[in-house]
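What follows is one structure encoded as structure tokens, with my remarks underneath.
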Amino acid sequence: MAGFLARRLAGMAAVLLAISLLTFLIFQVIPGGDPAVRMAGRLATPQQVQDVRHAWGFDRPVYDQYLTTMEKVLNGSVVSYSQQINVEEEILRSLPPTLSLAVGAGVIWLFFGVLFGVLSAITAGRFVDRSLTVVALVGVSTPAFFLGALLLYYLGYRLELLPLGGYVHLTSDPWGWFTHMLMPWLALSVAFIGVYARVLRSSVLDTMGEDYVRTAHAKGLSERRVLVRHVLRNSMIPIVTLWGLDFAAVVGGGAIVIESVFDLHGVGQYAAESIARLDVPPVLVVTLLVACAVVVLGAVVDILYAALDPRIRLAR
Amino acid sequence: MTPLRPGMRSPPATKGPPPAGRGPWRLAWRRLARSRATLAFGGLFLAVVVLCLLAPVYAHDIAHTGPNDNHITETVKVGGKTLEVVSPTGVPIGPTWHSRFFLGADANGRDVAVRLLYGGRNSLEIGAIATLITMLLAVLIGTSAGYFRGVTDGVLSRLLDVIWAFPPILLGVALGVALAVGGLDLGVVKLHSGSLLLPALIVGVVFVPYVARPLRGQVLSLRRREFVDAARVQGRGHLRILAEEILPNLTSTIVVFIPLMLANAILLEAGLSYLGAGVQDPNPSWGTMLAEGIRLTPGAIHLVLAPGLMLVVAVLGVNVFGDGLRDALDPRAGQRAIAMRLPRPTTAGAAVEEA
Amino acid sequence: MSDASVSGEAPRADTAARAAELLDVANLRVSFDTEAGEVRAVDGVSFAVRRGEVLALVGESGSGKSTIGLTLMGLTRRLGARMSGAVRLEEEDLLGASERELQALRGRRMAMVFQDPISSLNPVQRVGWQISEQIRAHQPLVNGAQALEQAVELMDRAGIADARSRVRAYPHELSGGMRQRVMIAMALSCEPGLLIADEPTTALDVTTQAQILAQLRELRERTEMGILFITHDLGVVAELADRILVMRGGQLVEQGEADAILQAPAHPYTQSLLAAYAPRPVRSPRAWVGPQSSITPGAAGGSHYSTGLGIAGEAPLEERAQLQGRALLQARELSVTFRGSRRTRVQVLDSVSLTLGEGETLGVVGESGAGKTTLIRCLIRLTDASSGTIHFRGQDITKAKGRQLTPVRRDLQMVFQDSHASLNPRRRVEWILQTGLRLREVPHAQWRERATELLERVGLRAEHLERYPHELSGGERQRVGIARALSCDPRALVLDEPVSSLDATVRAQVLDLLVRLQEEGAPTRPLSYLLVSHDLMVVRGVSDRVAVMRNGKVVEVGPTEELFRAPQHEYTQALLAACLKLPGQVRSAV
């Protein structure tokens, strides 16, 4: 375990380092990307631009700029170019909507994905399975922001059932929070539900063909017990790990599109807006945050995987 | 669908000798031909493709306008009434169901139907090129990592980790915006900022780990198979073994991944374009049209519905076809699609000999 | 077809006879719908199992014997099987029973032990839990702790040492034999009247197999249980069965008392089965005998220990020089260590010295894990040796790489154990055979002709050229594997368990083929075999000399006849003793 963690931490550090470098370089090589010009304003004299450039250290070598920026990122004092606000504080402010979105949608898609997947598997080839397959495939084929827009238009605008986007804090107004999050959750979940249902269906069908399931039947166990304790116990393993990784992606701002459709002011939306302004520091920090979430949850998933399947050893 | 009901193993069948030379491909083709839904949806996608390819014909001979032609001040006759293409308050006309503005107009008075077809060309082209890039890179990386193992595997796997941990949309948007400003100048290759190759390249690279990882896993297990040993005992070189023994066994996986990746590439391109990092105005694509429509909601829902439904129909066609193709080629490939994220244990391996 | 010892149709006719009868199967038919149409797996089979007897159901793969076992347990229904006839377990009608009624019977009144104990146990649950689960399913009053306590007791009785700590083990943490004992403990947990054992020892080593069989025998003596023992192995049958049923193509061809059938089989199929099992006469030493024997004939009491000194220690120098000309492949003090988990090193091969002469057949026997496969992979340069040397025709090839290996690759070919995995499923037989011809730089125009010749040499026909491996039977695939190895015109074939995955009759045919090929000789030069097998009988029939391996060491080498007549090392003796023998005429034929 200790060896696994050490190796994993080293791997994470390497990946994060590579990602920070890559992100930094992407914005360095952009031809029109000189931030000093934009920061100095439209009417700035060349001298003013030069002053800004010097004050922010843009005239120093690239590696030097990278190192100072990373140092600031690590001690939490990095400031955005455009508005000169502390990036980490801004991200902390935009975390609650993103977390609400991720946790709520994660629960919804896991629950319905498993439900539909199991239903589909035990009725394989019959009407219920066929209908669920169609629904799942339509879900997988629908972009979340299209679905979100439709929900907003029909449920929000035409029927006036739910509020038209925005975020309300859970602590100040729980019901408002719930009604505001309901559509984003649905819009984000549908594609995942489709994927999970398909994956679990084939996983359950494969497990049903295993010899140990035959043994379980031969022991005289009830159908339900065989399904829950032997089939699902084994076929849920890939689902759990899949969920961890998808959840990580959403937490880290992977749901940019949904956040901007519903105007949630989450981490992803913050990143998207910063990118549009070619504002490197927020993009860098958000990217690192996402990558961090992905690698950390990836390690957690591996540990979980080993816990769920005793045949796996963490040493590798 | 296999004729056997799921659960347990197939019965100990005593089959007569089948006619000789029936290869895996022909068997798959027969199974595919039997699955009507698969073929129907494949046909649906093909129809969308053909329709989009015929965009210039439609624009020239039916709608009599181009994808970027503004008609903002014009009027159009529908059922005897004369309507403004865009009202003074800025609301564009909805579907007329006539040759002009069949699906209505957008805020600039452009014909939505024409733009939909031209946009489809762009979306599909990007999807196809991206898929090509993904598959080429993934096959190269996946097979060499799996076959040569060791240092090669270590380096390539870390590379995949980096792409993997980079949030796809964020990477896409970052690259997209960055490159949209000035294009990409790699000395040899120059990409203009408006080039369709840019989003295709971004989308293509983002999906490489999804394909490369399962391929690597499959090669890892294939190279342990005895027919690879047999080839080595015959003294054949690594490249020959890769090309002659390993690759033929990967083709069904590769073929299964192509529609899957095509569908995902079209979806990601739409997402990127929605965020302004994909196809750049005035070039249409389903994603940019959707983005524009969403900006104008609730004023003109037809601007959301037209590109959205077209996108869903195209992607659904690819997905259903891909699903059927997978069943026909390799009923167990579904499991491998899961395994792409994690190393899975070889369940039976332990029972066989050797310490 | 069957001599109808059936009373299923006459209810309560003879109470005394019925009391003895536990299971009564009358005119059972089972069929499946497959892509190829309806397949009849079992076609009108009638038999009975009495209390306290072992009834052996014998047949080769595809004979329908396993389908009968699964049908009795009511497990073929979920495969979509169509069944007719009558099956009675005491007073219960098994075919007519509902799924719920069957659930109550399965595990409690009848239990089944399956062939492969690793795949038959749930990999993610502890074995104790898996046993206690069955107890609790049938005895609702027993609580979890009590059930687990019973599981410990059952495992202890099934011969698992240290059962109290092993209940917490996961299946993969136990050895193959141990897992099968767990399966047996589980099957016996509710003291069923009928035990169905489907090839329970096939996946096990000979010594473990002997132990499991002893346990079943003891069970028969101790209890009133009836055992239906499904197997392809007549040796096992001779050890255990009271009566025998022989099946072929879904039908019974013969049934009767075990001794009677083994000594005087009436049906031709049974006769051919038995003939395939009869060990062929020990091969008489031929022109070239192993180096040790030629140097020290009968010296040191005929013992041929390889004590780690190897050739160098046994032969005087000048004789060694003579040997070099005739020795084809020589291993000296070959060792291989692999890195195991947690930085441990596993020594798979421990200074093994062996010599394969020109035209000779050297058999290597040992149980799984003995290092046999590693040894040959090492000799054929698929695995690198950690230390020691390998000489091929006097040339050191221990470290040869790439182009240096080309002549060796041509002369030294291999036939693999798993005929399924050793042929590329995506290639036709013709292509597979041509790979070797290309290596020998045969002009393209002759390929087809040469490939056809090769097929004919191994007893196949030109029409097989067009086939894909999945269109061939197991025996045919193995013949193609041999043809591919021969296509390079090699001096030696390394045969890794070449017949272990084949049915008895097919096995005999393939062994005959190997012997014939060697006698015919390759077109230009003698053909040597290095034959690796876990099966003493296979090795005995075709080898000039035999080496016995255990734990990565060669414990004994000697001419086949001597080794089998007077084994020196105690492990060889144990192996021979554990090896099952057929009674009566078959044994006397040896």
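Here's how to read the names in the structure tokens: chain A, B, ... by the order shown, residue numbers from 1 in each chain, ligand numbers from 1 in the order shown.
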
8 Å contacts from chain A to chain B using only C-alpha atoms, as JSON, numbers by chain: {"A": [15, 16, 18, 19, 26, 27, 30, 31, 32, 33, 124, 125, 137, 138, 140, 141, 142, 143, 145, 146, 149, 150, 153, 157, 199, 202, 203, 205, 206, 208, 209, 210, 211, 213, 214, 238, 242, 249, 252, 253, 254, 256, 257, 271, 272, 275, 276, 278, 287, 290, 291, 292, 294, 295, 311, 312]}

Near chain B, meaning an atom within 6 Å, which residues of chain C appear when counting only C-alpha atoms? Write them as a PyMOL selection string. chain C and resi 62+368-369+406+409+421-424+466-468

For the residues in that selection, give me all heavy atoms as a PDB file, in the first residue's frame.
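Dumped everything to part_31.pdb:
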```pdb
ATOM      1  N   GLY C  62     -18.377 -33.641 -26.156  1.00  0.00           N
ATOM      2  CA  GLY C  62     -19.464 -33.620 -27.118  1.00  0.00           C
ATOM      3  C   GLY C  62     -20.369 -34.821 -27.031  1.00  0.00           C
ATOM      4  O   GLY C  62     -21.293 -34.961 -27.824  1.00  0.00           O
ATOM      5  N   SER C 368       2.337 -29.588 -12.751  1.00  0.00           N
ATOM      6  CA  SER C 368       2.302 -28.166 -13.078  1.00  0.00           C
ATOM      7  C   SER C 368       3.144 -27.392 -12.060  1.00  0.00           C
ATOM      8  O   SER C 368       3.164 -27.717 -10.882  1.00  0.00           O
ATOM      9  CB  SER C 368       0.866 -27.650 -13.087  1.00  0.00           C
ATOM     10  OG  SER C 368       0.282 -27.865 -11.840  1.00  0.00           O
ATOM     11  N   GLY C 369       3.863 -26.426 -12.569  1.00  0.00           N
ATOM     12  CA  GLY C 369       4.742 -25.662 -11.701  1.00  0.00           C
ATOM     13  C   GLY C 369       6.114 -26.258 -11.558  1.00  0.00           C
ATOM     14  O   GLY C 369       6.961 -25.740 -10.822  1.00  0.00           O
ATOM     15  N   THR C 406      18.802 -17.162 -36.691  1.00  0.00           N
ATOM     16  CA  THR C 406      18.067 -17.680 -37.858  1.00  0.00           C
ATOM     17  C   THR C 406      18.278 -19.173 -38.118  1.00  0.00           C
ATOM     18  O   THR C 406      17.295 -19.910 -38.264  1.00  0.00           O
ATOM     19  CB  THR C 406      18.423 -16.863 -39.115  1.00  0.00           C
ATOM     20  OG1 THR C 406      18.321 -15.482 -38.758  1.00  0.00           O
ATOM     21  CG2 THR C 406      17.480 -17.162 -40.245  1.00  0.00           C
ATOM     22  N   ARG C 409      16.456 -21.084 -35.485  1.00  0.00           N
ATOM     23  CA  ARG C 409      15.009 -20.990 -35.634  1.00  0.00           C
ATOM     24  C   ARG C 409      14.494 -21.994 -36.655  1.00  0.00           C
ATOM     25  O   ARG C 409      13.428 -22.553 -36.525  1.00  0.00           O
ATOM     26  CB  ARG C 409      14.631 -19.576 -36.094  1.00  0.00           C
ATOM     27  CG  ARG C 409      14.852 -18.497 -35.049  1.00  0.00           C
ATOM     28  CD  ARG C 409      13.885 -18.674 -33.917  1.00  0.00           C
ATOM     29  NE  ARG C 409      13.930 -17.594 -32.944  1.00  0.00           N
ATOM     30  CZ  ARG C 409      13.796 -17.788 -31.641  1.00  0.00           C
ATOM     31  NH1 ARG C 409      13.640 -19.002 -31.162  1.00  0.00           N
ATOM     32  NH2 ARG C 409      13.822 -16.782 -30.811  1.00  0.00           N
ATOM     33  N   ALA C 421      -5.006 -21.721 -29.251  1.00  0.00           N
ATOM     34  CA  ALA C 421      -4.286 -20.450 -29.119  1.00  0.00           C
ATOM     35  C   ALA C 421      -3.069 -20.391 -30.019  1.00  0.00           C
ATOM     36  O   ALA C 421      -2.544 -19.316 -30.270  1.00  0.00           O
ATOM     37  CB  ALA C 421      -3.869 -20.235 -27.665  1.00  0.00           C
ATOM     38  N   SER C 422      -2.607 -21.538 -30.504  1.00  0.00           N
ATOM     39  CA  SER C 422      -1.350 -21.515 -31.237  1.00  0.00           C
ATOM     40  C   SER C 422      -1.551 -21.239 -32.721  1.00  0.00           C
ATOM     41  O   SER C 422      -0.591 -21.075 -33.451  1.00  0.00           O
ATOM     42  CB  SER C 422      -0.590 -22.819 -31.044  1.00  0.00           C
ATOM     43  OG  SER C 422      -1.255 -23.856 -31.693  1.00  0.00           O
ATOM     44  N   LEU C 423      -2.800 -21.178 -33.169  1.00  0.00           N
ATOM     45  CA  LEU C 423      -3.058 -20.808 -34.553  1.00  0.00           C
ATOM     46  C   LEU C 423      -3.782 -19.470 -34.576  1.00  0.00           C
ATOM     47  O   LEU C 423      -4.756 -19.286 -33.849  1.00  0.00           O
ATOM     48  CB  LEU C 423      -3.923 -21.873 -35.245  1.00  0.00           C
ATOM     49  CG  LEU C 423      -3.377 -23.295 -35.253  1.00  0.00           C
ATOM     50  CD1 LEU C 423      -4.355 -24.229 -35.945  1.00  0.00           C
ATOM     51  CD2 LEU C 423      -2.027 -23.349 -35.940  1.00  0.00           C
ATOM     52  N   ASN C 424      -3.296 -18.570 -35.405  1.00  0.00           N
ATOM     53  CA  ASN C 424      -3.909 -17.259 -35.490  1.00  0.00           C
ATOM     54  C   ASN C 424      -5.331 -17.391 -36.022  1.00  0.00           C
ATOM     55  O   ASN C 424      -5.536 -17.855 -37.138  1.00  0.00           O
ATOM     56  CB  ASN C 424      -3.077 -16.374 -36.416  1.00  0.00           C
ATOM     57  CG  ASN C 424      -3.509 -14.919 -36.366  1.00  0.00           C
ATOM     58  OD1 ASN C 424      -4.637 -14.607 -36.018  1.00  0.00           O
ATOM     59  ND2 ASN C 424      -2.596 -14.025 -36.711  1.00  0.00           N
ATOM     60  N   GLU C 466      -8.060 -24.260 -47.111  1.00  0.00           N
ATOM     61  CA  GLU C 466      -8.946 -23.100 -47.164  1.00  0.00           C
ATOM     62  C   GLU C 466      -9.565 -22.771 -45.818  1.00  0.00           C
ATOM     63  O   GLU C 466     -10.226 -21.761 -45.674  1.00  0.00           O
ATOM     64  CB  GLU C 466     -10.077 -23.369 -48.176  1.00  0.00           C
ATOM     65  CG  GLU C 466      -9.606 -23.702 -49.571  1.00  0.00           C
ATOM     66  CD  GLU C 466      -8.777 -22.569 -50.141  1.00  0.00           C
ATOM     67  OE1 GLU C 466      -9.134 -21.404 -49.897  1.00  0.00           O
ATOM     68  OE2 GLU C 466      -7.769 -22.862 -50.817  1.00  0.00           O
ATOM     69  N   ARG C 467      -9.389 -23.665 -44.859  1.00  0.00           N
ATOM     70  CA  ARG C 467     -10.123 -23.493 -43.600  1.00  0.00           C
ATOM     71  C   ARG C 467      -9.469 -22.486 -42.668  1.00  0.00           C
ATOM     72  O   ARG C 467      -8.266 -22.279 -42.698  1.00  0.00           O
ATOM     73  CB  ARG C 467     -10.193 -24.842 -42.861  1.00  0.00           C
ATOM     74  CG  ARG C 467     -10.855 -25.925 -43.647  1.00  0.00           C
ATOM     75  CD  ARG C 467     -12.182 -26.288 -43.039  1.00  0.00           C
ATOM     76  NE  ARG C 467     -12.873 -27.254 -43.871  1.00  0.00           N
ATOM     77  CZ  ARG C 467     -13.067 -28.515 -43.521  1.00  0.00           C
ATOM     78  NH1 ARG C 467     -12.625 -28.935 -42.363  1.00  0.00           N
ATOM     79  NH2 ARG C 467     -13.721 -29.321 -44.311  1.00  0.00           N
ATOM     80  N   TYR C 468     -10.303 -21.913 -41.824  1.00  0.00           N
ATOM     81  CA  TYR C 468      -9.811 -21.130 -40.689  1.00  0.00           C
ATOM     82  C   TYR C 468      -9.701 -22.058 -39.482  1.00  0.00           C
ATOM     83  O   TYR C 468     -10.422 -23.061 -39.408  1.00  0.00           O
ATOM     84  CB  TYR C 468     -10.786 -19.994 -40.373  1.00  0.00           C
ATOM     85  CG  TYR C 468     -10.680 -18.842 -41.325  1.00  0.00           C
ATOM     86  CD1 TYR C 468     -11.463 -18.771 -42.458  1.00  0.00           C
ATOM     87  CD2 TYR C 468      -9.785 -17.803 -41.076  1.00  0.00           C
ATOM     88  CE1 TYR C 468     -11.365 -17.698 -43.339  1.00  0.00           C
ATOM     89  CE2 TYR C 468      -9.677 -16.735 -41.941  1.00  0.00           C
ATOM     90  CZ  TYR C 468     -10.472 -16.686 -43.074  1.00  0.00           C
ATOM     91  OH  TYR C 468     -10.355 -15.633 -43.925  1.00  0.00           O
TER      92      TYR C 468
END
```

Skip segment 568-577 of chain C itself and residues of its chain fewer than 5 positions away, then list as a ChimeraX atom specification all residues within 7 Å of it, counting only C-alpha atoms. /C:207,303,548,555-556

Please indicate the distance in Å from atom CA of His232 of chain C to atom CA of Ile244 of chain C, rounded to one decimal place. 11.7 Å

What is the distance between atom CA of Ala307 of chain A and atom CA of Ala187 of chain C, in Å to one decimal? 28.3 Å

What are the residues of chain C lining chain A at 8 Å or less? Count only C-alpha atoms, and put the answer as a short mmCIF file (atom, residue, chain, number, x, y, z; two decimals) with all heavy atoms, in the first residue's frame.
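The file below, part35.cif, is the result:
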```cif
data_model
loop_
_atom_site.label_atom_id
_atom_site.label_comp_id
_atom_site.auth_asym_id
_atom_site.auth_seq_id
_atom_site.Cartn_x
_atom_site.Cartn_y
_atom_site.Cartn_z
N MET C 73 -29.53 -31.28 -12.48
CA MET C 73 -29.58 -30.19 -11.51
C MET C 73 -30.60 -29.13 -11.90
O MET C 73 -30.79 -28.16 -11.20
CB MET C 73 -28.20 -29.52 -11.40
CG MET C 73 -27.13 -30.38 -10.78
SD MET C 73 -27.44 -30.75 -9.05
CE MET C 73 -27.14 -29.17 -8.28
N LEU C 75 -30.26 -27.15 -14.44
CA LEU C 75 -29.52 -25.96 -14.84
C LEU C 75 -29.51 -25.74 -16.35
O LEU C 75 -28.98 -24.75 -16.82
CB LEU C 75 -28.07 -26.04 -14.33
CG LEU C 75 -27.92 -25.97 -12.82
CD1 LEU C 75 -26.48 -26.19 -12.41
CD2 LEU C 75 -28.42 -24.65 -12.28
N ARG C 100 -38.91 -22.85 -8.35
CA ARG C 100 -38.84 -22.69 -6.91
C ARG C 100 -38.65 -24.04 -6.20
O ARG C 100 -37.87 -24.16 -5.26
CB ARG C 100 -40.13 -22.01 -6.43
CG ARG C 100 -40.08 -21.50 -5.02
CD ARG C 100 -41.18 -20.50 -4.78
NE ARG C 100 -40.84 -19.17 -5.30
CZ ARG C 100 -40.08 -18.30 -4.63
NH1 ARG C 100 -39.60 -18.59 -3.45
NH2 ARG C 100 -39.81 -17.12 -5.14
N LEU C 102 -37.25 -26.61 -7.52
CA LEU C 102 -35.88 -27.03 -7.83
C LEU C 102 -34.88 -26.36 -6.91
O LEU C 102 -33.91 -26.97 -6.45
CB LEU C 102 -35.53 -26.71 -9.29
CG LEU C 102 -35.95 -27.75 -10.32
CD1 LEU C 102 -35.64 -27.24 -11.71
CD2 LEU C 102 -35.23 -29.06 -10.06
N GLN C 103 -35.10 -25.06 -6.66
CA GLN C 103 -34.19 -24.33 -5.78
C GLN C 103 -34.06 -25.02 -4.43
O GLN C 103 -32.98 -25.11 -3.87
CB GLN C 103 -34.76 -22.93 -5.53
CG GLN C 103 -34.15 -21.86 -6.41
CD GLN C 103 -34.90 -20.55 -6.24
OE1 GLN C 103 -35.39 -20.25 -5.15
NE2 GLN C 103 -34.99 -19.80 -7.31
N ALA C 104 -35.21 -25.52 -3.93
CA ALA C 104 -35.19 -26.17 -2.63
C ALA C 104 -34.42 -27.50 -2.69
O ALA C 104 -33.84 -27.94 -1.71
CB ALA C 104 -36.61 -26.40 -2.14
N LEU C 105 -34.42 -28.13 -3.88
CA LEU C 105 -33.75 -29.42 -4.01
C LEU C 105 -32.24 -29.26 -4.24
O LEU C 105 -31.43 -29.99 -3.71
CB LEU C 105 -34.35 -30.21 -5.18
CG LEU C 105 -35.79 -30.67 -5.00
CD1 LEU C 105 -36.30 -31.29 -6.28
CD2 LEU C 105 -35.87 -31.67 -3.85
N ARG C 106 -31.90 -28.26 -5.08
CA ARG C 106 -30.49 -28.04 -5.43
C ARG C 106 -29.70 -27.68 -4.18
O ARG C 106 -30.11 -26.83 -3.41
CB ARG C 106 -30.37 -26.89 -6.42
CG ARG C 106 -30.78 -27.24 -7.83
CD ARG C 106 -30.21 -26.26 -8.80
NE ARG C 106 -30.91 -24.98 -8.78
CZ ARG C 106 -31.75 -24.59 -9.74
NH1 ARG C 106 -31.96 -25.37 -10.79
NH2 ARG C 106 -32.37 -23.43 -9.68
N GLY C 107 -28.58 -28.32 -4.02
CA GLY C 107 -27.74 -28.02 -2.88
C GLY C 107 -28.14 -28.78 -1.64
O GLY C 107 -27.32 -29.06 -0.79
N ARG C 108 -29.42 -29.13 -1.50
CA ARG C 108 -29.85 -29.83 -0.30
C ARG C 108 -29.99 -31.32 -0.56
O ARG C 108 -29.45 -32.15 0.16
CB ARG C 108 -31.20 -29.26 0.17
CG ARG C 108 -31.63 -29.75 1.55
CD ARG C 108 -32.79 -28.95 2.06
NE ARG C 108 -33.95 -29.02 1.14
CZ ARG C 108 -34.91 -29.94 1.24
NH1 ARG C 108 -34.88 -30.82 2.20
NH2 ARG C 108 -35.90 -29.95 0.38
N ALA C 111 -26.28 -32.25 -5.15
CA ALA C 111 -25.27 -31.21 -5.24
C ALA C 111 -24.31 -31.55 -6.36
O ALA C 111 -24.24 -32.71 -6.79
CB ALA C 111 -24.52 -31.07 -3.92
N MET C 112 -23.60 -30.54 -6.84
CA MET C 112 -22.75 -30.78 -7.99
C MET C 112 -21.37 -30.18 -7.76
O MET C 112 -21.23 -29.10 -7.21
CB MET C 112 -23.39 -30.16 -9.24
CG MET C 112 -22.71 -30.53 -10.52
SD MET C 112 -23.86 -30.38 -11.92
CE MET C 112 -22.79 -30.80 -13.28
N PHE C 114 -18.01 -29.09 -9.94
CA PHE C 114 -17.70 -28.81 -11.34
C PHE C 114 -16.23 -29.05 -11.65
O PHE C 114 -15.39 -29.20 -10.77
CB PHE C 114 -18.08 -27.38 -11.69
CG PHE C 114 -19.54 -27.12 -11.57
CD1 PHE C 114 -20.08 -26.56 -10.42
CD2 PHE C 114 -20.39 -27.46 -12.60
CE1 PHE C 114 -21.44 -26.33 -10.31
CE2 PHE C 114 -21.75 -27.23 -12.50
CZ PHE C 114 -22.27 -26.67 -11.36
N SER C 119 -12.75 -21.23 -11.76
CA SER C 119 -13.82 -20.41 -12.33
C SER C 119 -15.16 -20.72 -11.68
O SER C 119 -16.10 -19.96 -11.81
CB SER C 119 -13.91 -20.63 -13.84
OG SER C 119 -14.25 -21.95 -14.12
N SER C 120 -15.23 -21.83 -10.95
CA SER C 120 -16.52 -22.19 -10.35
C SER C 120 -16.74 -21.58 -8.97
O SER C 120 -17.81 -21.72 -8.41
CB SER C 120 -16.65 -23.71 -10.23
OG SER C 120 -16.60 -24.28 -11.51
N LEU C 121 -15.72 -20.94 -8.44
CA LEU C 121 -15.90 -20.25 -7.17
C LEU C 121 -15.90 -18.75 -7.44
O LEU C 121 -15.14 -18.25 -8.27
CB LEU C 121 -14.76 -20.60 -6.19
CG LEU C 121 -14.79 -22.01 -5.62
CD1 LEU C 121 -13.49 -22.34 -4.92
CD2 LEU C 121 -15.96 -22.17 -4.67
N ASN C 122 -16.77 -18.04 -6.73
CA ASN C 122 -16.86 -16.60 -6.91
C ASN C 122 -15.56 -15.94 -6.47
O ASN C 122 -15.17 -16.05 -5.32
CB ASN C 122 -18.04 -16.06 -6.10
CG ASN C 122 -18.37 -14.63 -6.46
OD1 ASN C 122 -17.51 -13.89 -6.93
ND2 ASN C 122 -19.61 -14.24 -6.24
N PRO C 123 -14.87 -15.24 -7.39
CA PRO C 123 -13.53 -14.74 -7.08
C PRO C 123 -13.50 -13.64 -6.02
O PRO C 123 -12.45 -13.39 -5.44
CB PRO C 123 -13.04 -14.19 -8.44
CG PRO C 123 -14.29 -13.90 -9.19
CD PRO C 123 -15.27 -14.93 -8.76
N VAL C 124 -14.63 -12.98 -5.78
CA VAL C 124 -14.57 -11.84 -4.87
C VAL C 124 -15.19 -12.14 -3.50
O VAL C 124 -15.36 -11.24 -2.69
CB VAL C 124 -15.25 -10.60 -5.48
CG1 VAL C 124 -14.59 -10.23 -6.81
CG2 VAL C 124 -16.73 -10.80 -5.67
N GLN C 134 -24.59 -21.41 1.33
CA GLN C 134 -25.43 -22.54 0.94
C GLN C 134 -26.15 -23.14 2.13
O GLN C 134 -27.33 -23.50 2.07
CB GLN C 134 -24.57 -23.60 0.24
CG GLN C 134 -25.38 -24.81 -0.16
CD GLN C 134 -24.63 -25.72 -1.09
OE1 GLN C 134 -23.51 -25.42 -1.51
NE2 GLN C 134 -25.23 -26.84 -1.42
N ALA C 137 -28.98 -20.96 3.06
CA ALA C 137 -30.07 -20.94 2.09
C ALA C 137 -31.06 -22.08 2.34
O ALA C 137 -32.24 -21.96 2.05
CB ALA C 137 -29.52 -21.05 0.67
N HIS C 138 -30.55 -23.17 2.89
CA HIS C 138 -31.42 -24.34 3.08
C HIS C 138 -31.82 -24.56 4.52
O HIS C 138 -32.68 -25.34 4.81
CB HIS C 138 -30.74 -25.59 2.51
CG HIS C 138 -30.54 -25.51 1.04
ND1 HIS C 138 -31.57 -25.53 0.14
CD2 HIS C 138 -29.42 -25.37 0.29
CE1 HIS C 138 -31.10 -25.42 -1.09
NE2 HIS C 138 -29.80 -25.31 -1.02
N TYR C 170 -9.60 -16.09 -0.07
CA TYR C 170 -10.30 -15.96 -1.34
C TYR C 170 -9.87 -17.11 -2.25
O TYR C 170 -8.75 -17.62 -2.10
CB TYR C 170 -9.97 -14.62 -2.01
CG TYR C 170 -10.59 -13.44 -1.31
CD1 TYR C 170 -9.84 -12.63 -0.47
CD2 TYR C 170 -11.94 -13.16 -1.48
CE1 TYR C 170 -10.42 -11.55 0.17
CE2 TYR C 170 -12.52 -12.09 -0.85
CZ TYR C 170 -11.77 -11.29 -0.01
OH TYR C 170 -12.36 -10.24 0.62
N HIS C 172 -8.57 -17.39 -5.12
CA HIS C 172 -7.28 -17.33 -5.82
C HIS C 172 -6.11 -17.53 -4.88
O HIS C 172 -4.98 -17.69 -5.32
CB HIS C 172 -7.14 -16.01 -6.56
CG HIS C 172 -6.95 -14.83 -5.66
ND1 HIS C 172 -8.00 -14.16 -5.09
CD2 HIS C 172 -5.83 -14.21 -5.24
CE1 HIS C 172 -7.52 -13.18 -4.35
NE2 HIS C 172 -6.22 -13.18 -4.42
N ALA C 187 -20.45 -28.82 -1.63
CA ALA C 187 -21.45 -29.75 -2.14
C ALA C 187 -22.00 -30.63 -1.02
O ALA C 187 -23.17 -30.98 -1.02
CB ALA C 187 -20.85 -30.61 -3.26
N SER C 341 6.18 -11.02 -6.70
CA SER C 341 5.64 -9.83 -6.05
C SER C 341 6.50 -9.51 -4.84
O SER C 341 7.19 -10.36 -4.29
CB SER C 341 4.20 -10.12 -5.62
OG SER C 341 4.19 -11.24 -4.77
N ARG C 342 6.45 -8.29 -4.43
CA ARG C 342 7.18 -7.80 -3.25
C ARG C 342 8.66 -8.15 -3.29
O ARG C 342 9.25 -8.64 -2.34
CB ARG C 342 6.58 -8.37 -1.97
CG ARG C 342 5.24 -7.76 -1.66
CD ARG C 342 4.46 -8.71 -0.79
NE ARG C 342 3.03 -8.54 -1.06
CZ ARG C 342 2.19 -8.01 -0.20
NH1 ARG C 342 2.58 -7.66 0.97
NH2 ARG C 342 0.94 -7.86 -0.51
#
```
